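Colleague: Take a look at work.cif, mmCIF, C-alpha atoms:
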```cif
data_coords
loop_
_atom_site.label_atom_id
_atom_site.label_comp_id
_atom_site.auth_asym_id
_atom_site.auth_seq_id
_atom_site.Cartn_x
_atom_site.Cartn_y
_atom_site.Cartn_z
CA MET A 607 -7.68 4.85 -13.31
CA SER A 608 -9.18 4.35 -9.90
CA GLU A 609 -8.15 1.51 -7.65
CA THR A 610 -8.57 -1.98 -8.95
CA THR A 611 -8.33 -3.90 -5.72
CA GLY A 612 -11.05 -4.82 -3.29
CA THR A 613 -14.46 -6.23 -4.02
CA TYR A 614 -17.79 -5.04 -5.36
CA THR A 615 -20.65 -5.07 -2.91
CA GLN A 616 -22.74 -8.20 -3.22
CA THR A 617 -26.47 -7.59 -3.59
CA ALA A 618 -29.50 -9.84 -3.88
CA ARG A 619 -29.63 -9.57 -7.64
CA SER A 620 -25.91 -9.99 -8.08
CA THR A 621 -26.08 -13.32 -6.23
CA PRO A 622 -26.61 -16.25 -8.59
CA THR A 623 -29.64 -18.42 -7.86
CA ARG A 624 -27.63 -21.52 -8.75
CA TYR A 625 -24.02 -22.35 -7.93
CA ALA A 626 -23.54 -19.17 -5.89
CA SER A 627 -20.14 -20.58 -4.90
CA ARG A 628 -18.99 -19.91 -8.46
CA ALA A 629 -19.57 -16.18 -8.04
CA SER A 630 -16.86 -13.64 -7.33
CA TYR A 631 -17.00 -9.96 -6.53
CA ASP A 632 -13.26 -9.45 -6.74
CA ARG A 633 -12.70 -6.20 -8.61
CA ALA A 634 -9.52 -7.28 -10.41
CA ALA A 635 -11.09 -10.57 -11.54
CA VAL A 636 -14.20 -8.78 -12.83
CA HIS A 637 -12.02 -6.25 -14.67
CA ALA A 638 -9.89 -8.96 -16.30
CA VAL A 639 -12.93 -10.55 -17.95
CA ILE A 640 -14.34 -7.20 -19.05
CA ASP A 641 -10.98 -6.27 -20.59
CA GLU A 642 -10.46 -9.58 -22.38
CA ALA A 643 -13.88 -9.68 -24.04
CA LEU A 644 -14.42 -7.96 -27.36
CA VAL A 645 -18.19 -7.56 -27.10
CA CYS A 646 -20.82 -7.16 -24.43
CA HIS A 647 -24.59 -7.60 -24.49
CA VAL A 648 -26.61 -4.65 -23.23
CA GLY A 649 -30.12 -5.16 -21.91
CA PHE A 650 -32.69 -2.41 -21.51
CA ILE A 651 -36.46 -2.11 -21.38
CA ARG A 652 -38.68 -0.86 -24.20
CA ASP A 653 -42.48 -1.00 -24.07
CA ALA A 654 -42.32 -3.25 -21.03
CA ALA A 655 -40.17 -5.81 -22.84
CA PRO A 656 -36.46 -6.55 -22.54
CA VAL A 657 -34.21 -5.75 -25.48
CA VAL A 658 -30.66 -7.10 -25.72
CA LEU A 659 -28.15 -5.66 -28.18
CA PRO A 660 -24.44 -6.34 -28.69
CA THR A 661 -21.74 -3.71 -28.83
CA VAL A 662 -18.10 -3.10 -27.99
CA HIS A 663 -17.03 -1.76 -24.64
CA ALA A 664 -14.04 -0.45 -22.76
CA ARG A 665 -13.32 0.06 -19.09
CA ALA A 666 -11.62 2.99 -17.40
CA GLY A 667 -11.26 2.27 -13.72
CA ASP A 668 -14.73 1.59 -12.41
CA VAL A 669 -16.58 2.95 -15.42
CA LEU A 670 -17.71 0.83 -18.34
CA TYR A 671 -18.13 2.67 -21.62
CA ILE A 672 -20.22 1.21 -24.41
CA HIS A 673 -20.32 2.34 -27.99
CA GLY A 674 -23.38 3.57 -29.85
CA SER A 675 -24.44 6.04 -32.50
CA SER A 676 -26.19 9.29 -32.00
CA GLY A 677 -29.72 8.44 -33.07
CA GLY A 678 -29.15 4.79 -32.17
CA ARG A 679 -30.96 2.99 -29.38
CA PHE A 680 -28.20 3.38 -26.83
CA SER A 681 -28.30 7.16 -27.25
CA LEU A 682 -31.78 7.20 -25.68
CA LEU A 683 -30.90 5.34 -22.49
CA ASP A 684 -29.85 8.26 -20.29
CA GLY A 685 -30.92 7.61 -16.72
CA GLU A 686 -32.41 4.21 -17.48
CA PRO A 687 -31.59 0.92 -15.77
CA VAL A 688 -29.40 -1.33 -17.90
CA GLY A 689 -27.94 -4.78 -17.54
CA VAL A 690 -24.67 -5.54 -19.28
CA THR A 691 -23.33 -9.06 -19.58
CA ILE A 692 -19.96 -10.18 -20.87
CA THR A 693 -19.28 -13.85 -21.54
CA LEU A 694 -16.14 -15.77 -22.43
CA VAL A 695 -16.50 -19.45 -23.26
CA ASP A 696 -13.26 -21.31 -22.56
CA CYS A 697 -14.06 -24.94 -23.01
CA LEU A 698 -16.69 -27.55 -23.85
CA VAL A 699 -17.13 -30.09 -21.08
CA LEU A 700 -18.36 -33.37 -22.53
CA ALA A 701 -19.48 -35.88 -19.93
CA ARG A 702 -20.83 -39.41 -20.41
CA SER A 703 -24.33 -38.26 -19.39
CA TRP A 704 -26.44 -35.53 -20.94
CA LEU A 705 -26.89 -34.01 -17.49
CA HIS A 706 -23.23 -33.23 -16.95
CA HIS A 707 -22.57 -31.66 -20.32
CA SER A 708 -21.39 -28.15 -19.64
CA ALA A 709 -19.03 -25.41 -20.66
CA ALA A 710 -16.18 -23.72 -18.91
CA TYR A 711 -16.97 -20.01 -18.95
CA ARG A 712 -16.33 -16.68 -17.31
CA SER A 713 -19.26 -14.29 -17.26
CA VAL A 714 -19.61 -10.81 -15.80
CA VAL A 715 -23.08 -9.46 -15.03
CA ILE A 716 -23.41 -5.74 -14.42
CA HIS A 717 -26.44 -3.86 -13.15
CA GLY A 718 -26.40 -0.11 -13.40
CA THR A 719 -27.82 3.08 -14.76
CA ALA A 720 -26.94 4.43 -18.18
CA ARG A 721 -25.38 7.86 -18.41
CA ILE A 722 -24.89 9.42 -21.83
CA VAL A 723 -21.46 11.01 -21.91
CA THR A 724 -21.82 14.66 -22.91
CA ASP A 725 -18.53 16.11 -21.70
CA GLY A 726 -16.27 16.37 -24.74
CA GLU A 727 -13.09 15.46 -22.92
CA GLU A 728 -14.59 12.38 -21.28
CA LYS A 729 -16.15 11.35 -24.57
CA LEU A 730 -12.87 11.60 -26.46
CA ALA A 731 -11.05 9.65 -23.73
CA ALA A 732 -13.76 6.99 -23.77
CA MET A 733 -13.50 6.68 -27.54
CA ALA A 734 -9.73 6.30 -27.28
CA SER A 735 -10.28 3.55 -24.70
CA LEU A 736 -12.69 1.81 -27.05
CA ILE A 737 -10.18 1.89 -29.90
CA ASP A 738 -7.36 0.76 -27.64
CA ARG A 739 -9.50 -2.06 -26.27
CA VAL A 740 -9.69 -3.45 -29.80
CA ALA A 741 -5.90 -3.19 -30.10
CA ARG A 742 -3.70 -1.47 -27.54
CA GLY A 743 -1.83 1.38 -29.23
CA ARG A 744 -4.30 1.75 -32.07
CA ALA A 745 -5.81 5.07 -30.90
CA ALA A 746 -2.48 6.89 -31.15
CA ASP A 747 -1.85 5.32 -34.55
CA THR A 748 -5.07 6.48 -36.26
CA ARG A 749 -6.90 9.74 -36.90
CA PRO A 750 -8.98 11.04 -33.96
CA PRO A 751 -12.48 12.27 -34.67
CA THR A 752 -13.36 15.73 -35.90
CA PRO A 753 -16.00 17.52 -33.80
CA LYS A 754 -18.61 16.44 -36.36
CA GLU A 755 -17.49 12.82 -36.13
CA LEU A 756 -17.50 13.01 -32.35
CA ALA A 757 -21.11 14.17 -32.49
CA LYS A 758 -22.06 11.12 -34.56
CA THR A 759 -21.00 8.80 -31.76
CA ALA A 760 -22.94 8.14 -28.59
CA ILE A 761 -21.02 6.84 -25.59
CA VAL A 762 -22.88 5.38 -22.64
CA ALA A 763 -21.17 5.18 -19.27
CA ILE A 764 -22.17 2.69 -16.61
CA GLU A 765 -20.63 2.81 -13.13
CA LEU A 766 -19.21 -0.53 -12.09
CA ALA A 767 -20.69 -0.88 -8.63
CA GLU A 768 -23.04 -3.84 -8.80
CA ALA A 769 -20.96 -6.31 -10.77
CA SER A 770 -20.25 -9.99 -10.35
CA LEU A 771 -18.24 -12.67 -12.06
CA LYS A 772 -19.33 -16.29 -12.39
CA VAL A 773 -16.74 -18.87 -13.34
CA ARG A 774 -17.25 -22.48 -14.27
CA GLY A 775 -13.94 -24.30 -14.66
CA ASP A 776 -13.14 -27.16 -16.99
CA GLN A 777 -13.58 -29.98 -14.48
CA LEU A 778 -15.50 -33.00 -15.71
CA ALA A 779 -18.32 -34.24 -13.48
CA GLU A 780 -19.95 -37.64 -13.75
CA GLU A 781 -22.62 -39.52 -11.86
CA PRO A 782 -21.16 -42.43 -9.90
CA GLY A 783 -20.89 -45.43 -12.21
CA ASP A 784 -21.00 -43.43 -15.44
CA GLU A 785 -17.23 -43.73 -15.78
CA GLN A 786 -17.85 -47.30 -16.91
CA LEU A 787 -19.98 -46.25 -19.88
CA PRO A 788 -18.23 -46.74 -23.23
CA HIS A 789 -18.57 -43.07 -24.27
CA TRP A 790 -15.77 -40.65 -24.94
CA ALA A 791 -15.60 -37.92 -22.28
CA GLY A 792 -13.32 -34.97 -21.91
CA VAL A 793 -12.97 -31.31 -22.68
CA ILE A 794 -12.38 -29.28 -25.84
CA PRO A 795 -10.67 -25.89 -25.32
CA LEU A 796 -12.17 -22.96 -27.20
CA LYS A 797 -10.80 -19.52 -27.92
CA LEU A 798 -11.44 -16.55 -30.15
CA ALA A 799 -8.60 -16.89 -32.64
CA ALA A 800 -7.36 -14.33 -35.10
CA GLY A 801 -6.53 -15.13 -38.69
CA VAL A 802 -3.95 -13.47 -40.90
CA PRO A 803 -4.49 -9.67 -41.15
CA VAL A 804 -5.64 -8.56 -44.61
CA PRO A 805 -4.26 -5.10 -45.46
CA ALA A 806 -6.26 -2.55 -47.43
CA ALA A 807 -5.29 -2.59 -51.10
CA ASP A 808 -4.39 1.11 -51.03
CA LEU A 809 -2.07 1.41 -48.03
CA VAL A 810 0.44 4.24 -48.23
CA GLU A 811 3.70 2.80 -49.52
CA GLY A 812 5.97 1.49 -46.79
CA VAL A 813 3.25 1.19 -44.14
CA LYS A 814 3.66 -2.14 -42.36
CA LEU A 815 1.50 -4.12 -39.98
CA PRO A 816 2.10 -2.44 -36.60
CA ASP A 817 3.58 -4.45 -33.76
CA TYR A 818 0.37 -4.18 -31.73
CA LEU A 819 -1.51 -6.15 -34.42
CA ILE A 820 1.04 -8.95 -34.81
CA ASP A 821 -0.25 -12.27 -33.44
CA TYR A 822 -3.48 -10.61 -32.41
CA SER A 823 -5.05 -12.23 -29.39
CA ARG A 824 -7.54 -11.29 -26.67
CA GLY A 825 -6.15 -13.60 -23.99
CA MET B 1242 -38.98 -29.37 -38.24
CA SER B 1243 -41.31 -26.81 -39.69
CA GLU B 1244 -40.52 -24.98 -42.87
CA THR B 1245 -37.33 -22.99 -42.98
CA THR B 1246 -38.08 -20.81 -45.97
CA GLY B 1247 -39.84 -17.46 -46.11
CA THR B 1248 -39.34 -14.47 -43.87
CA TYR B 1249 -40.24 -13.40 -40.37
CA THR B 1250 -42.67 -10.53 -40.11
CA GLN B 1251 -40.90 -7.23 -39.64
CA THR B 1252 -42.15 -5.16 -36.70
CA ALA B 1253 -41.27 -1.75 -35.31
CA ARG B 1254 -39.01 -3.17 -32.63
CA SER B 1255 -37.34 -5.65 -34.97
CA THR B 1256 -36.33 -2.78 -37.26
CA PRO B 1257 -32.88 -1.41 -36.39
CA THR B 1258 -32.75 2.30 -35.66
CA ARG B 1259 -29.43 2.55 -37.49
CA TYR B 1260 -28.35 0.86 -40.71
CA ALA B 1261 -31.76 -0.74 -41.25
CA SER B 1262 -30.47 -1.86 -44.65
CA ARG B 1263 -28.23 -4.34 -42.83
CA ALA B 1264 -31.26 -6.12 -41.37
CA SER B 1265 -32.71 -9.34 -42.75
CA TYR B 1266 -35.85 -11.26 -41.86
CA ASP B 1267 -34.98 -14.26 -44.00
CA ARG B 1268 -35.84 -17.35 -41.99
CA ALA B 1269 -32.98 -19.51 -43.29
CA ALA B 1270 -30.42 -16.75 -42.68
CA VAL B 1271 -31.68 -16.19 -39.13
CA HIS B 1272 -31.60 -19.94 -38.45
CA ALA B 1273 -28.04 -20.30 -39.76
CA VAL B 1274 -26.72 -17.77 -37.22
CA ILE B 1275 -28.71 -19.30 -34.36
CA ASP B 1276 -27.38 -22.75 -35.24
CA GLU B 1277 -23.75 -21.67 -35.58
CA ALA B 1278 -23.56 -19.84 -32.26
CA LEU B 1279 -22.71 -21.72 -29.10
CA VAL B 1280 -24.23 -19.27 -26.64
CA CYS B 1281 -27.05 -16.74 -26.51
CA HIS B 1282 -27.78 -13.87 -24.15
CA VAL B 1283 -31.24 -13.89 -22.59
CA GLY B 1284 -32.79 -10.66 -21.33
CA PHE B 1285 -35.68 -10.47 -18.91
CA ILE B 1286 -37.06 -8.00 -16.39
CA ARG B 1287 -36.71 -8.25 -12.60
CA ASP B 1288 -37.78 -5.47 -10.23
CA ALA B 1289 -38.19 -3.05 -13.15
CA ALA B 1290 -34.60 -3.61 -14.30
CA PRO B 1291 -33.23 -5.61 -17.19
CA VAL B 1292 -31.18 -8.73 -16.47
CA VAL B 1293 -29.07 -10.42 -19.13
CA LEU B 1294 -27.71 -13.94 -18.66
CA PRO B 1295 -25.84 -16.27 -21.01
CA THR B 1296 -26.79 -19.85 -21.77
CA VAL B 1297 -26.71 -22.46 -24.51
CA HIS B 1298 -29.55 -22.83 -26.97
CA ALA B 1299 -30.85 -25.06 -29.72
CA ARG B 1300 -33.43 -24.56 -32.44
CA ALA B 1301 -36.07 -26.99 -33.63
CA GLY B 1302 -37.92 -25.47 -36.57
CA ASP B 1303 -39.32 -22.18 -35.37
CA VAL B 1304 -38.79 -22.82 -31.68
CA LEU B 1305 -35.72 -21.73 -29.75
CA TYR B 1306 -34.93 -23.79 -26.66
CA ILE B 1307 -32.69 -22.41 -23.95
CA HIS B 1308 -31.13 -24.33 -21.11
CA GLY B 1309 -31.63 -23.65 -17.44
CA SER B 1310 -31.91 -25.41 -14.12
CA SER B 1311 -35.02 -26.07 -12.11
CA GLY B 1312 -34.70 -23.47 -9.38
CA GLY B 1313 -32.62 -21.23 -11.65
CA ARG B 1314 -33.74 -17.85 -12.94
CA PHE B 1315 -34.89 -19.11 -16.33
CA SER B 1316 -37.26 -21.56 -14.63
CA LEU B 1317 -39.33 -18.62 -13.34
CA LEU B 1318 -39.89 -16.92 -16.69
CA ASP B 1319 -43.07 -18.70 -17.80
CA GLY B 1320 -45.29 -16.26 -19.69
CA GLU B 1321 -42.86 -13.36 -19.41
CA PRO B 1322 -41.46 -11.27 -22.26
CA VAL B 1323 -37.87 -12.14 -23.09
CA GLY B 1324 -35.30 -10.84 -25.52
CA VAL B 1325 -32.69 -13.26 -26.79
CA THR B 1326 -29.65 -12.09 -28.74
CA ILE B 1327 -27.05 -14.18 -30.51
CA THR B 1328 -23.88 -12.58 -31.82
CA LEU B 1329 -21.06 -13.88 -34.00
CA VAL B 1330 -18.06 -11.61 -34.51
CA ASP B 1331 -16.29 -12.44 -37.77
CA CYS B 1332 -13.70 -9.77 -38.26
CA LEU B 1333 -12.11 -6.62 -36.88
CA VAL B 1334 -12.32 -3.73 -39.34
CA LEU B 1335 -9.43 -1.33 -38.71
CA ALA B 1336 -9.72 1.94 -40.59
CA ARG B 1337 -7.37 4.93 -40.63
CA SER B 1338 -9.84 6.99 -38.57
CA TRP B 1339 -11.33 6.18 -35.19
CA LEU B 1340 -14.79 6.76 -36.63
CA HIS B 1341 -14.65 3.94 -39.13
CA HIS B 1342 -13.29 1.30 -36.79
CA SER B 1343 -15.83 -1.47 -36.77
CA ALA B 1344 -16.37 -5.20 -36.68
CA ALA B 1345 -17.91 -7.60 -39.12
CA TYR B 1346 -20.65 -9.41 -37.25
CA ARG B 1347 -23.87 -11.35 -37.57
CA SER B 1348 -26.39 -10.79 -34.82
CA VAL B 1349 -29.87 -12.22 -34.31
CA VAL B 1350 -32.31 -10.38 -32.06
CA ILE B 1351 -35.40 -12.27 -30.91
CA HIS B 1352 -38.40 -10.89 -29.07
CA GLY B 1353 -40.83 -13.37 -27.61
CA THR B 1354 -42.56 -14.87 -24.63
CA ALA B 1355 -40.97 -17.56 -22.49
CA ARG B 1356 -42.76 -20.86 -22.15
CA ILE B 1357 -41.44 -23.41 -19.67
CA VAL B 1358 -41.50 -26.82 -21.31
CA THR B 1359 -43.46 -29.20 -19.12
CA ASP B 1360 -44.31 -31.97 -21.58
CA GLY B 1361 -41.82 -34.78 -20.96
CA GLU B 1362 -41.49 -35.76 -24.59
CA GLU B 1363 -40.87 -32.20 -25.79
CA LYS B 1364 -38.42 -31.65 -22.95
CA LEU B 1365 -36.41 -34.77 -23.78
CA ALA B 1366 -36.33 -33.82 -27.47
CA ALA B 1367 -35.24 -30.28 -26.60
CA MET B 1368 -32.46 -31.60 -24.40
CA ALA B 1369 -31.30 -33.90 -27.20
CA SER B 1370 -31.26 -30.86 -29.52
CA LEU B 1371 -29.17 -28.94 -26.99
CA ILE B 1372 -26.63 -31.76 -26.73
CA ASP B 1373 -26.53 -32.20 -30.50
CA ARG B 1374 -26.08 -28.43 -30.98
CA VAL B 1375 -22.86 -28.70 -29.01
CA ALA B 1376 -21.75 -31.59 -31.24
CA ARG B 1377 -24.00 -33.30 -33.76
CA GLY B 1378 -24.31 -36.98 -32.87
CA ARG B 1379 -23.42 -36.50 -29.23
CA ALA B 1380 -26.94 -37.11 -27.83
CA ALA B 1381 -27.05 -40.66 -29.22
CA ASP B 1382 -23.52 -41.32 -27.95
CA THR B 1383 -24.13 -40.41 -24.27
CA ARG B 1384 -26.50 -41.43 -21.50
CA PRO B 1385 -29.94 -39.75 -21.60
CA PRO B 1386 -31.34 -38.35 -18.37
CA THR B 1387 -33.17 -40.35 -15.77
CA PRO B 1388 -36.57 -38.92 -14.75
CA LYS B 1389 -34.90 -37.35 -11.73
CA GLU B 1390 -32.21 -35.75 -13.89
CA LEU B 1391 -34.85 -34.55 -16.33
CA ALA B 1392 -36.60 -32.81 -13.43
CA LYS B 1393 -33.38 -30.99 -12.53
CA THR B 1394 -33.31 -29.27 -15.89
CA ALA B 1395 -35.52 -26.36 -16.94
CA ILE B 1396 -36.04 -25.82 -20.65
CA VAL B 1397 -37.52 -22.55 -21.88
CA ALA B 1398 -39.11 -22.43 -25.32
CA ILE B 1399 -39.44 -19.20 -27.30
CA GLU B 1400 -41.37 -19.12 -30.56
CA LEU B 1401 -39.33 -17.62 -33.36
CA ALA B 1402 -41.81 -15.14 -34.80
CA GLU B 1403 -40.30 -11.72 -34.18
CA ALA B 1404 -36.70 -12.33 -35.15
CA SER B 1405 -34.23 -10.35 -37.20
CA LEU B 1406 -30.66 -10.68 -38.37
CA LYS B 1407 -28.26 -7.78 -38.70
CA VAL B 1408 -25.10 -8.29 -40.71
CA ARG B 1409 -22.12 -6.00 -41.03
CA GLY B 1410 -19.66 -7.31 -43.62
CA ASP B 1411 -15.90 -6.89 -43.63
CA GLN B 1412 -15.74 -3.92 -45.99
CA LEU B 1413 -13.38 -1.13 -44.98
CA ALA B 1414 -14.81 2.39 -45.02
CA GLU B 1415 -12.74 5.59 -44.98
CA GLU B 1416 -13.46 9.28 -45.14
CA PRO B 1417 -12.33 10.77 -48.44
CA GLY B 1418 -8.65 11.64 -48.17
CA ASP B 1419 -7.93 9.32 -45.24
CA GLU B 1420 -6.41 6.76 -47.61
CA GLN B 1421 -3.38 9.03 -47.72
CA LEU B 1422 -2.75 8.80 -43.98
CA PRO B 1423 0.30 6.72 -43.09
CA HIS B 1424 -1.64 4.28 -40.88
CA TRP B 1425 -2.06 0.59 -41.43
CA ALA B 1426 -5.65 -0.30 -42.32
CA GLY B 1427 -7.26 -3.61 -43.03
CA VAL B 1428 -9.20 -6.42 -41.44
CA ILE B 1429 -8.36 -9.22 -39.03
CA PRO B 1430 -10.55 -12.33 -39.30
CA LEU B 1431 -11.77 -13.81 -36.02
CA LYS B 1432 -13.27 -17.16 -35.22
CA LEU B 1433 -14.04 -19.36 -32.27
CA ALA B 1434 -11.35 -22.00 -32.63
CA ALA B 1435 -11.14 -25.37 -30.90
CA GLY B 1436 -7.97 -26.72 -29.37
CA VAL B 1437 -6.94 -30.34 -29.02
CA PRO B 1438 -9.55 -32.43 -27.16
CA VAL B 1439 -8.37 -33.57 -23.73
CA PRO B 1440 -9.80 -36.98 -22.83
CA ALA B 1441 -10.85 -37.92 -19.30
CA ALA B 1442 -8.14 -39.89 -17.51
CA ASP B 1443 -10.48 -42.80 -16.85
CA LEU B 1444 -11.98 -43.52 -20.28
CA VAL B 1445 -13.09 -47.11 -20.80
CA GLU B 1446 -10.30 -48.93 -22.62
CA GLY B 1447 -10.54 -48.71 -26.38
CA VAL B 1448 -12.86 -45.67 -26.45
CA LYS B 1449 -11.61 -43.24 -29.08
CA LEU B 1450 -12.44 -39.64 -29.93
CA PRO B 1451 -15.68 -39.92 -31.95
CA ASP B 1452 -15.73 -38.66 -35.53
CA TYR B 1453 -18.16 -35.88 -34.64
CA LEU B 1454 -15.57 -34.31 -32.32
CA ILE B 1455 -12.63 -34.46 -34.74
CA ASP B 1456 -11.63 -31.00 -35.99
CA TYR B 1457 -14.40 -29.42 -33.93
CA SER B 1458 -15.71 -26.24 -35.45
CA ARG B 1459 -18.89 -24.15 -35.25
CA GLY B 1460 -18.71 -22.72 -38.76
#
```
Re-express the file's structure as structure tokens.

Modeller:
Amino acid sequence: MSETTGTYTQTARSTPTRYASRASYDRAAVHAVIDEALVCHVGFIRDAAPVVLPTVHARAGDVLYIHGSSGGRFSLLDGEPVGVTITLVDCLVLARSWLHHSAAYRSVVIHGTARIVTDGEEKLAAMASLIDRVARGRAADTRPPTPKELAKTAIVAIELAEASLKVRGDQLAEEPGDEQLPHWAGVIPLKLAAGVPVPAADLVEGVKLPDYLIDYSRG
Amino acid sequence: MSETTGTYTQTARSTPTRYASRASYDRAAVHAVIDEALVCHVGFIRDAAPVVLPTVHARAGDVLYIHGSSGGRFSLLDGEPVGVTITLVDCLVLARSWLHHSAAYRSVVIHGTARIVTDGEEKLAAMASLIDRVARGRAADTRPPTPKELAKTAIVAIELAEASLKVRGDQLAEEPGDEQLPHWAGVIPLKLAAGVPVPAADLVEGVKLPDYLIDYSRG
């Protein structure tokens, strides 16, 4: 892991057009959102049009790894510009006016260049990170890939250099006077919640739900 | 509302490179995912690089409306190619091998051209749809925008013509023999769950939580 303090360099395109005061370039804050989120959305260009696809990701220091398949679209991105965005929605903000309806969210926008990971050691470490990002401890508690399985996976690395976080809190805004309107206003918290784990029917006898999957949560 | 039966036309770029059998072009199935999701990720091109930003959306028949601000980045997209992707993650799929770790998800990928809505009537209707997509019934129970407020909002319309749904169910896959490994395997359901609504401190006396916000859920 490289250092996780300091800030990312702010650039023109990493500066929001609206509400720039909500933007942060703090490395630790950016990392926290990346690490909490289960999925990211990866944008790239094909035939002069933008394509956006979801996948899972993991971070190791200042490198973001995203998961693809050999033969899949991500496996063809080497050297290309990509945009990766990660969004957590924390709350609905329900004002008395349409205008002030909003959501509390934390969103990281990353601009970078895709690099297909070809080094076997880096690829294996990135895959372990991906598994452990789903549930910390899971990689050591499951079977690592065979060389053939490793070849089936494509891992794309993106350097975290031009990254920004935008945060909208859960404060309720109203136009002056709207407080007197007879409408309910307030906020509704939202979170990605886990249900009860459903074990495979054919678990080896005596195998129990591991501690790292009890009360699963991303928060 | 236009018809919601039939299928969208399959094109080269709306055909997944991998697991094409998981793709669907069924209009009703595509609409159901769009309508359930709270946020979408919008991709566009700036300075030869892809940019992906999150926002809220609503559908009216075969038109997707996305929300932006006048002066914001979406307000400058008129006539440009955009890619919009909407992802719902339903389940973690935890196999005995790294390779077969997966997630159950439903993801809609839309390719289209942005059109900034300038007609006042269409814009107002789109904004009502956006409010009602957050909570059905909310638009009629809050204050509509003044002309000045309407001007502050930018609504982008994208025709749903080239749209596809990809679904990965919650089935657990294993390599032959891996069932005998002493690792826990199974699935963990996930959903966006709402907490207890928090009312504004200054609600007009007697105003209660409306029925449409009780037990809030996107499902």

Colleague: Starting from the shown file, work through the PyMOL selection byres ((chain A and resi 756-772) around 7) and note down what comes out as JSON, numbers by chain.

Modeller: {"A": [614, 615, 620, 628, 629, 630, 631, 636, 668, 669, 670, 671, 672, 673, 674, 675, 676, 681, 712, 713, 714, 715, 716, 717, 718, 719, 720, 721, 722, 723, 729, 751, 752, 753, 754, 755, 773, 774]}

Colleague: Which residues would end up in the selection if the PyMOL selection byres ((chain B and resi 1421) around 12) were applied here, given that I need the answer as a list in words?

Modeller: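 Selection result, ordered by chain and number: Thr748, Arg749, Ala806, Asp808, Leu809, Val810, Glu811 and Val813 of chain A; Ala1336, Arg1337, Ser1338, Glu1415, Glu1416, Pro1417, Gly1418, Asp1419, Glu1420, Leu1422, Pro1423, His1424, Trp1425 and Ala1426 of chain B.
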
Colleague: So which residues get picked by the PyMOL selection byres ((chain A and resi 700) around 9) here, written as an MDAnalysis selection string?

Modeller: (chainID A and resid 698:699 701:704 706:709 778 790:794) or (chainID B and resid 1379)

Colleague: Please save C-alpha atoms of the selected residues as a PDB file, keeping the file's coordinate frame.

Modeller:
```pdb
ATOM      1  CA  LEU A 698     -16.690 -27.550 -23.850  1.00  0.00           C
ATOM      2  CA  VAL A 699     -17.130 -30.090 -21.080  1.00  0.00           C
ATOM      3  CA  ALA A 701     -19.480 -35.880 -19.930  1.00  0.00           C
ATOM      4  CA  ARG A 702     -20.830 -39.410 -20.410  1.00  0.00           C
ATOM      5  CA  SER A 703     -24.330 -38.260 -19.390  1.00  0.00           C
ATOM      6  CA  TRP A 704     -26.440 -35.530 -20.940  1.00  0.00           C
ATOM      7  CA  HIS A 706     -23.230 -33.230 -16.950  1.00  0.00           C
ATOM      8  CA  HIS A 707     -22.570 -31.660 -20.320  1.00  0.00           C
ATOM      9  CA  SER A 708     -21.390 -28.150 -19.640  1.00  0.00           C
ATOM     10  CA  ALA A 709     -19.030 -25.410 -20.660  1.00  0.00           C
ATOM     11  CA  LEU A 778     -15.500 -33.000 -15.710  1.00  0.00           C
ATOM     12  CA  TRP A 790     -15.770 -40.650 -24.940  1.00  0.00           C
ATOM     13  CA  ALA A 791     -15.600 -37.920 -22.280  1.00  0.00           C
ATOM     14  CA  GLY A 792     -13.320 -34.970 -21.910  1.00  0.00           C
ATOM     15  CA  VAL A 793     -12.970 -31.310 -22.680  1.00  0.00           C
ATOM     16  CA  ILE A 794     -12.380 -29.280 -25.840  1.00  0.00           C
TER      17      ILE A 794
ATOM     18  CA  ARG B1379     -23.420 -36.500 -29.230  1.00  0.00           C
TER      19      ARG B1379
END
```

Colleague: Give me the residues near Ala1376 (chain B) as a ChimeraX atom specification, where near means some atom within 10 Å (using all atoms listed in the file) and where sequence neighbours in that chain fewer than 5 positions away do not count.

Modeller: /A:698,700 /B:1370-1371,1453-1454,1457-1459

Colleague: Using C-alpha atoms, can you write the selected residues to a file as a compact mmCIF listing (two decimals), keeping the file's coordinate frame?

Modeller:
```
# COMPACT_ATOMS: atom_id res chain seq x y z
CA LEU A 698 -16.69 -27.55 -23.85
CA LEU A 700 -18.36 -33.37 -22.53
CA SER B 1370 -31.26 -30.86 -29.52
CA LEU B 1371 -29.17 -28.94 -26.99
CA TYR B 1453 -18.16 -35.88 -34.64
CA LEU B 1454 -15.57 -34.31 -32.32
CA TYR B 1457 -14.40 -29.42 -33.93
CA SER B 1458 -15.71 -26.24 -35.45
CA ARG B 1459 -18.89 -24.15 -35.25
```

Colleague: For CA of His1272 (chain B) and CA of Gly1247 (chain B), determine how far apart the two atoms are, in Å to one decimal place.

Modeller: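 Between CA of His1272 (chain B) and CA of Gly1247 (chain B) the gap works out to 11.5 Å.
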
Colleague: Using all atoms listed in the file, what residues lie at most 9 Å away from (-11.1, -2.7, -23.4) (file coordinates), given as a tab-separated table (two decimals) with C-alpha atoms, in the coordinates of the input?

Modeller:
```
chain	number	residue	atom	x	y	z
A	640	ILE	CA	-14.34	-7.20	-19.05
A	641	ASP	CA	-10.98	-6.27	-20.59
A	642	GLU	CA	-10.46	-9.58	-22.38
A	643	ALA	CA	-13.88	-9.68	-24.04
A	644	LEU	CA	-14.42	-7.96	-27.36
A	662	VAL	CA	-18.10	-3.10	-27.99
A	663	HIS	CA	-17.03	-1.76	-24.64
A	664	ALA	CA	-14.04	-0.45	-22.76
A	665	ARG	CA	-13.32	0.06	-19.09
A	666	ALA	CA	-11.62	2.99	-17.40
A	735	SER	CA	-10.28	3.55	-24.70
A	736	LEU	CA	-12.69	1.81	-27.05
A	737	ILE	CA	-10.18	1.89	-29.90
A	738	ASP	CA	-7.36	0.76	-27.64
A	739	ARG	CA	-9.50	-2.06	-26.27
A	740	VAL	CA	-9.69	-3.45	-29.80
A	741	ALA	CA	-5.90	-3.19	-30.10
A	742	ARG	CA	-3.70	-1.47	-27.54
```
